[in-house]
2 protein chains.
Amino acid sequence: MSSLSPDDVDARIAAVALMAQERAIDAVLVTPGPDLRYLIGYDAVPLERLTCLVIRSDGQAHLVVPALESLAAAASPGSHLPRSAWGETDDPFLLTADIVGSCSRIAVNNQMWAEKSLRLAAVMPGVEQVLAGPLIDELRMRKSAVEVLALTRAGAAIDRVHQRVPEFLREGRTEREVGADIADAILAEGHVTVDFVIVASGPNAASPHHEVSDRVMMSGDAVVVDIGGSMPDGYRSDCTRTYHLGEPTEEFRQRYAVLQAAQAKAVEIVSPGITCEQVDAAARDILAAEGMGDLFIHRTGHGIGMETHEEPYIVAGNSRTLEPGMAFSVEPGFYAEGLHGARIEDIVVVTESGARALNTTTHDLVVIR
Amino acid sequence: MSSLSPDDVDARIAAVALMAQERAIDAVLVTPGPDLRYLIGYDAVPLERLTCLVIRSDGQAHLVVPALESLAAAASPGSHLPRSAWGETDDPFLLTADIVGSCSRIAVNNQMWAEKSLRLAAVMPGVEQVLAGPLIDELRMRKSAVEVLALTRAGAAIDRVHQRVPEFLREGRTEREVGADIADAILAEGHVTVDFVIVASGPNAASPHHEVSDRVMMSGDAVVVDIGGSMPDGYRSDCTRTYHLGEPTEEFRQRYAVLQAAQAKAVEIVSPGITCEQVDAAARDILAAEGMGDLFIHRTGHGIGMETHEEPYIVAGNSRTLEPGMAFSVEPGFYAEGLHGARIEDIVVVTESGARALNTTTHDLVVIR
């Protein structure tokens, strides 16, 4: 399902062609993945057979597809583009090189498989390959009004799942059992795929990317629940809340209060003109001031759209300036190995004057008694 | 979940190192994907942060991981390998180049993203990159006894789903509704993911890669059901059967009988010493002899293991000789645009003296009255 119109496709292709021209790139080549879906609404799975969109700097676009996939490509919003279907014994790399024509530099999508990029290099000797990310990300990281609406819907869907988490989280259940209930709820609340389910309880919560395990949860556990999925239009959700089974210790309560203040402060300063690293520092400084700097072991956030992780990254060293339409997570945490952990994550969208959070369930520690 | 032992990991790494040496490749670099899972049992998701296994031709192996993923990597069967964790503001490409050391040629896994391979190229100027597929596939395409058992279990699981398909297929239901029931059954019968569900009815069956649609099925439809999933150990299933709602026409019956003979013949000739293209020709010749050559528009099959499509490909032009342990699909079909289509697919494993089919439900047309 794609909400793209043929006009949207043409506008996105024209923008890529223009950026290519400015950078002396003769053609941009895009194989299946989020870039292809973003540009022409074609949600093809990356496979061994070559599917490749060619956008030349003169604005001409052409889709190379295996004959087997031709009907599927024809059903996408980019169906008006010229298309060449290749048969099972043809060489699609030569065909693609022919469509690109004479050139000295091409850009390839960041997720193009090496088996494609190296074969393209072999049939285009002497042609320099660069990444297309710096071009395509310029478009993808600035969400249109339609895309902001899509992310808002995704955020509301995952919020509905978090509202149900207290039903699932019970002493004596395993992380895996709770994770299975959450996965079902992610689908029931409107997503078409479950992208990740983290249920990290007790000491497991000290590992930011722990998924689920057979650990039986018990009273006294903090439980980090970080979950997300994809909506039918391809836009993603991602939201973390921390729950607690039974009464937390005084130390945990104090640390959680600092975390909550740090997360709120980072969201509060988001505004056009602020840099990514300033947002990271806003959260990090508050944690550090309370002696928790060493417990916050990852960046503050990542962009989100048709991928869960995309530009802009909210990390020290990223001096990129925020602009309206940028969407990303703000998710500081603290991680004390062997003991406990916590994280609070919202997706926010930069507005003309500040930011709007797309996740709105309570940020307070949810104590389950 | 991985059934690999640390000894298996060491043996696979040693085999890759030896092949690298023979080909004057100084190091093999493997990022997340099926190759990494095969070699060291580490099932990491490909993401923006670099995870990379380095296997040097001298047999030394080293895993580069983001600090965030270090605990997950430590829980894998390759946990005994030296490991370097990098922090959020480190440069993992420089770190990797340092581990590779002085070299003139490296191999990269076929599915390495261009954003990784081009950044590796940037920090290793003048170093030639080639594909690692030709090395790693030599191992992956010859299944061990443990792997054959894993594929046998996957085959049995998808057979149980096909046995339930006649319950789901009813006049008046849409392809999408039936597909949802099948997806539930794929999980219920032991898979952990649903990899694909094709329910192609009536004229939709003429498109080999049609998935599902809102078409309401009716009496007189042939329905191609091509389904597969992944088991907890990562091994895949893939099986196609053709069903018919109500009585088929005489033309369809005759064509189906030819297809059934073609599929059986191709399975029958599978044996060590036979080439991939001979298997393809065995099916194709029978269809062609009955005037159906133009209706069989794809290759006869593909290897299967930790990916649904992998070496060896059963296609014209592939002169590779079959060996015991190779596993692949045999799936001829016929496709009459606007009218109907059919396909029969089994996974077979080459034995010492012939082949064993891992899918054993009836190959007859299943007529649902």
# chains A, B, ... in the order shown; residues from 1 in each chain; ligands from 1

call {"tool": "closest_atom_pairs", "arguments": {"of": "chain B", "to": "chain A", "cutoff": "6 Å", "atoms": "only C-alpha atoms", "output": "Markdown table"}}
result
| residue | atom | partner | partner_atom | distance |
| --- | --- | --- | --- | --- |
| B:Asn110 | CA | A:Glu115 | CA | 4.7 |
| B:Gln111 | CA | A:Trp113 | CA | 4.5 |
| B:Met112 | CA | A:Ala114 | CA | 5.3 |
| B:Trp113 | CA | A:Gln111 | CA | 4.5 |
| B:Ala114 | CA | A:Asn110 | CA | 5.2 |
| B:Glu115 | CA | A:Asn110 | CA | 4.7 |

call {"tool": "select_by_dssp", "arguments": {"residues": "range 35-191 of chain A", "states": "strand (DSSP E)", "output": "PyMOL selection string"}}
result
chain A and resi 52-56+61-66+83-86+105-108+128-131

call {"tool": "residues_around", "arguments": {"residues": "Thr361 in chain B", "least_positions_apart": "5", "cutoff": "8 Å", "atoms": "only C-alpha atoms", "output": "mmCIF file with N, CA, C and O atoms, in the first residue's frame"}}
result
data_model
loop_
_atom_site.group_PDB
_atom_site.id
_atom_site.type_symbol
_atom_site.label_atom_id
_atom_site.label_comp_id
_atom_site.auth_asym_id
_atom_site.auth_seq_id
_atom_site.Cartn_x
_atom_site.Cartn_y
_atom_site.Cartn_z
ATOM 1 N N ASP B 159 4.602 -28.907 5.130
ATOM 2 C CA ASP B 159 3.654 -29.925 4.658
ATOM 3 C C ASP B 159 2.403 -29.940 5.542
ATOM 4 O O ASP B 159 1.285 -30.104 5.039
ATOM 5 N N HIS B 162 0.202 -27.230 4.346
ATOM 6 C CA HIS B 162 -0.514 -27.566 3.103
ATOM 7 C C HIS B 162 -1.673 -28.529 3.383
ATOM 8 O O HIS B 162 -2.715 -28.460 2.733
ATOM 9 N N GLN B 163 -1.475 -29.415 4.358
ATOM 10 C CA GLN B 163 -2.579 -30.338 4.662
ATOM 11 C C GLN B 163 -3.812 -29.605 5.179
ATOM 12 O O GLN B 163 -4.922 -30.099 5.060
#

call {"tool": "residues_around", "arguments": {"residues": "range 339-352 of chain A", "least_positions_apart": "4", "cutoff": "6 Å", "atoms": "only C-alpha atoms", "output": "list in words"}}
result
Gly202, Pro203, Ala205, Ala206, Val224, Cys239, Thr240, Arg241, Thr242, Pro324, Gly325, Met326, Ala327, Phe328, Ser329, Val330, Glu331, Pro332, Gly333, Phe334, Tyr335, Arg356, Ala357, Leu358 and Asn359 of chain A

call {"tool": "write_last_selection", "arguments": {"atoms": "C-alpha atoms", "output": "mmCIF file, in the first residue's frame"}}
result
data_model
loop_
_atom_site.group_PDB
_atom_site.id
_atom_site.type_symbol
_atom_site.label_atom_id
_atom_site.label_comp_id
_atom_site.auth_asym_id
_atom_site.auth_seq_id
_atom_site.Cartn_x
_atom_site.Cartn_y
_atom_site.Cartn_z
ATOM 1 C CA GLY A 202 15.648 -6.928 36.159
ATOM 2 C CA PRO A 203 19.359 -7.172 35.288
ATOM 3 C CA ALA A 205 17.306 -4.105 31.474
ATOM 4 C CA ALA A 206 20.956 -3.094 31.766
ATOM 5 C CA VAL A 224 12.085 -1.793 29.858
ATOM 6 C CA CYS A 239 8.363 3.834 21.702
ATOM 7 C CA THR A 240 9.900 2.859 25.037
ATOM 8 C CA ARG A 241 8.357 2.976 28.474
ATOM 9 C CA THR A 242 9.711 1.559 31.719
ATOM 10 C CA PRO A 324 10.682 21.576 10.460
ATOM 11 C CA GLY A 325 9.541 18.098 9.392
ATOM 12 C CA MET A 326 12.492 16.213 10.828
ATOM 13 C CA ALA A 327 11.336 13.264 12.932
ATOM 14 C CA PHE A 328 13.464 11.337 15.437
ATOM 15 C CA SER A 329 13.524 9.547 18.747
ATOM 16 C CA VAL A 330 14.551 11.125 22.056
ATOM 17 C CA GLU A 331 15.460 8.153 24.237
ATOM 18 C CA PRO A 332 17.972 8.566 27.014
ATOM 19 C CA GLY A 333 18.397 5.714 29.487
ATOM 20 C CA PHE A 334 20.510 4.463 32.336
ATOM 21 C CA TYR A 335 22.099 1.025 32.555
ATOM 22 C CA ARG A 356 5.520 17.811 18.802
ATOM 23 C CA ALA A 357 5.789 14.421 20.525
ATOM 24 C CA LEU A 358 3.984 11.610 18.701
ATOM 25 C CA ASN A 359 3.908 9.390 21.801
#

call {"tool": "atom_distance", "arguments": {"atom1": "CA of Val267 in chain A", "atom2": "CA of Leu287 in chain A"}}
result
14.6 Å

call {"tool": "atom_distance", "arguments": {"atom1": "CA of Tyr243 in chain B", "atom2": "CA of Thr360 in chain B"}}
result
15.6 Å

call {"tool": "residues_around", "arguments": {"residues": "Pro32 in chain B", "least_positions_apart": "2", "cutoff": "6 Å", "atoms": "only C-alpha atoms", "output": "list in words"}}
result
Leu36, Ala44, Val45 and Pro46 of chain B

call {"tool": "select_by_dssp", "arguments": {"residues": "range 78-230 of chain B", "states": "alpha helix (DSSP H)", "output": "PyMOL selection string"}}
result
chain B and resi 92-100+114-123+133-140+145-168+175-188

call {"tool": "write_last_selection", "arguments": {"atoms": "C-alpha atoms", "output": "short mmCIF file (atom, residue, chain, number, x, y, z; two decimals), in the first residue's frame"}}
result
data_model
loop_
_atom_site.label_atom_id
_atom_site.label_comp_id
_atom_site.auth_asym_id
_atom_site.auth_seq_id
_atom_site.Cartn_x
_atom_site.Cartn_y
_atom_site.Cartn_z
CA PRO B 92 34.48 1.29 13.38
CA PHE B 93 35.83 1.28 9.81
CA LEU B 94 39.29 2.36 10.92
CA LEU B 95 39.12 -0.23 13.68
CA THR B 96 38.24 -2.92 11.14
CA ALA B 97 41.00 -1.86 8.73
CA ASP B 98 43.44 -2.08 11.61
CA ILE B 99 42.36 -5.65 12.40
CA VAL B 100 42.62 -6.67 8.72
CA ALA B 114 27.26 -0.40 -0.06
CA GLU B 115 27.45 2.05 2.87
CA LYS B 116 29.76 -0.48 4.54
CA SER B 117 31.74 -1.69 1.50
CA LEU B 118 32.39 1.83 0.18
CA ARG B 119 33.44 3.08 3.63
CA LEU B 120 35.76 0.11 3.99
CA ALA B 121 37.16 0.97 0.55
CA ALA B 122 37.74 4.55 1.72
CA VAL B 123 39.84 3.49 4.72
CA GLY B 133 29.96 -15.57 -2.05
CA PRO B 134 32.14 -17.82 -4.22
CA LEU B 135 33.96 -18.95 -1.04
CA ILE B 136 31.18 -19.08 1.55
CA ASP B 137 28.66 -20.58 -0.88
CA GLU B 138 31.00 -23.54 -1.38
CA LEU B 139 30.31 -24.37 2.27
CA ARG B 140 26.69 -23.27 2.48
CA ALA B 145 23.77 -34.01 8.21
CA VAL B 146 22.58 -31.58 10.89
CA GLU B 147 21.53 -29.08 8.24
CA VAL B 148 19.70 -31.75 6.21
CA LEU B 149 17.81 -32.66 9.37
CA ALA B 150 16.93 -29.00 9.90
CA LEU B 151 15.61 -28.72 6.33
CA THR B 152 13.69 -31.97 6.77
CA ARG B 153 11.95 -30.54 9.84
CA ALA B 154 11.17 -27.33 7.95
CA GLY B 155 9.73 -29.38 5.07
CA ALA B 156 7.55 -31.39 7.43
CA ALA B 157 6.29 -28.17 9.05
CA ILE B 158 5.21 -26.61 5.75
CA ASP B 159 3.65 -29.93 4.66
CA ARG B 160 1.42 -29.76 7.75
CA VAL B 161 0.32 -26.30 6.61
CA HIS B 162 -0.51 -27.57 3.10
CA GLN B 163 -2.58 -30.34 4.66
CA ARG B 164 -4.73 -27.63 6.25
CA VAL B 165 -5.08 -25.48 3.12
CA PRO B 166 -8.27 -27.25 1.92
CA GLU B 167 -9.96 -26.09 5.17
CA PHE B 168 -9.12 -22.47 4.35
CA GLU B 175 -6.99 -14.50 -1.37
CA ARG B 176 -6.03 -12.17 1.48
CA GLU B 177 -8.34 -13.91 3.98
CA VAL B 178 -6.98 -17.32 3.03
CA GLY B 179 -3.44 -15.94 3.15
CA ALA B 180 -3.97 -14.70 6.72
CA ASP B 181 -5.16 -18.15 7.82
CA ILE B 182 -2.14 -19.73 6.14
CA ALA B 183 0.24 -17.26 7.81
CA ASP B 184 -1.22 -18.18 11.22
CA ALA B 185 -0.80 -21.88 10.38
CA ILE B 186 2.83 -21.37 9.29
CA LEU B 187 3.59 -20.04 12.78
CA ALA B 188 1.40 -22.59 14.54
#

call {"tool": "decode", "arguments": {"residues": "range 308-330 of chain A", "atoms": "N, CA, C and O atoms", "output": "CSV table (one decimal), in the first residue's frame"}}
result
chain,number,residue,atom,x,y,z
A,308,THR,N,13.4,2.3,10.8
A,308,THR,CA,13.4,2.6,12.2
A,308,THR,C,14.6,3.5,12.6
A,308,THR,O,14.5,4.3,13.5
A,309,HIS,N,15.7,3.2,11.9
A,309,HIS,CA,16.9,4.1,12.2
A,309,HIS,C,17.3,4.7,10.8
A,309,HIS,O,17.6,4.0,9.9
A,310,GLU,N,17.3,6.0,10.8
A,310,GLU,CA,17.7,6.7,9.6
A,310,GLU,C,18.1,8.1,10.0
A,310,GLU,O,18.2,8.4,11.2
A,311,GLU,N,18.5,9.0,9.1
A,311,GLU,CA,19.0,10.3,9.5
A,311,GLU,C,17.7,11.1,10.0
A,311,GLU,O,16.7,10.9,9.5
A,312,PRO,N,17.9,12.1,10.8
A,312,PRO,CA,19.2,12.5,11.5
A,312,PRO,C,19.4,11.7,12.8
A,312,PRO,O,18.5,11.4,13.5
A,313,TYR,N,20.7,11.5,13.0
A,313,TYR,CA,21.1,10.8,14.3
A,313,TYR,C,21.4,11.9,15.4
A,313,TYR,O,22.1,12.8,15.1
A,314,ILE,N,20.9,11.6,16.5
A,314,ILE,CA,21.0,12.6,17.7
A,314,ILE,C,22.2,12.1,18.5
A,314,ILE,O,22.0,11.4,19.5
A,315,VAL,N,23.3,12.6,18.1
A,315,VAL,CA,24.6,12.0,18.7
A,315,VAL,C,25.6,13.1,18.8
A,315,VAL,O,25.6,14.0,17.9
A,316,ALA,N,26.5,13.0,19.8
A,316,ALA,CA,27.6,13.9,19.9
A,316,ALA,C,28.4,13.9,18.6
A,316,ALA,O,28.6,12.9,18.0
A,317,GLY,N,28.8,15.1,18.1
A,317,GLY,CA,29.6,15.2,16.9
A,317,GLY,C,28.7,15.5,15.6
A,317,GLY,O,29.2,15.8,14.6
A,318,ASN,N,27.4,15.3,15.8
A,318,ASN,CA,26.5,15.6,14.6
A,318,ASN,C,26.0,17.1,14.7
A,318,ASN,O,25.1,17.4,15.5
A,319,SER,N,26.6,18.0,13.9
A,319,SER,CA,26.3,19.4,14.0
A,319,SER,C,25.2,19.8,13.1
A,319,SER,O,25.0,21.0,12.9
A,320,ARG,N,24.5,18.8,12.5
A,320,ARG,CA,23.4,19.2,11.6
A,320,ARG,C,22.3,20.0,12.4
A,320,ARG,O,22.0,19.7,13.5
A,321,THR,N,21.8,21.0,11.7
A,321,THR,CA,20.8,21.8,12.3
A,321,THR,C,19.4,21.3,12.0
A,321,THR,O,19.1,20.9,10.9
A,322,LEU,N,18.5,21.3,13.0
A,322,LEU,CA,17.2,20.7,12.9
A,322,LEU,C,16.3,21.7,12.0
A,322,LEU,O,16.5,22.9,12.1
A,323,GLU,N,15.4,21.1,11.3
A,323,GLU,CA,14.5,21.8,10.4
A,323,GLU,C,13.1,21.3,10.6
A,323,GLU,O,12.9,20.1,11.0
A,324,PRO,N,12.0,22.1,10.4
A,324,PRO,CA,10.7,21.6,10.5
A,324,PRO,C,10.5,20.3,9.6
A,324,PRO,O,11.0,20.3,8.5
A,325,GLY,N,9.8,19.3,10.1
A,325,GLY,CA,9.5,18.1,9.4
A,325,GLY,C,10.5,17.0,9.7
A,325,GLY,O,10.2,15.8,9.4
A,326,MET,N,11.6,17.3,10.4
A,326,MET,CA,12.5,16.2,10.8
A,326,MET,C,11.8,15.4,12.0
A,326,MET,O,11.2,16.0,12.8
A,327,ALA,N,12.0,14.1,11.9
A,327,ALA,CA,11.3,13.3,12.9
A,327,ALA,C,12.4,12.3,13.5
A,327,ALA,O,13.1,11.7,12.7
A,328,PHE,N,12.4,12.2,14.8
A,328,PHE,CA,13.5,11.3,15.4
A,328,PHE,C,13.1,11.0,16.8
A,328,PHE,O,12.1,11.5,17.4
A,329,SER,N,13.8,10.0,17.4
A,329,SER,CA,13.5,9.5,18.7
A,329,SER,C,14.4,10.4,19.7
A,329,SER,O,15.4,10.8,19.4
A,330,VAL,N,13.8,10.6,20.9
A,330,VAL,CA,14.6,11.1,22.1
A,330,VAL,C,14.4,10.1,23.2
A,330,VAL,O,13.3,9.9,23.7
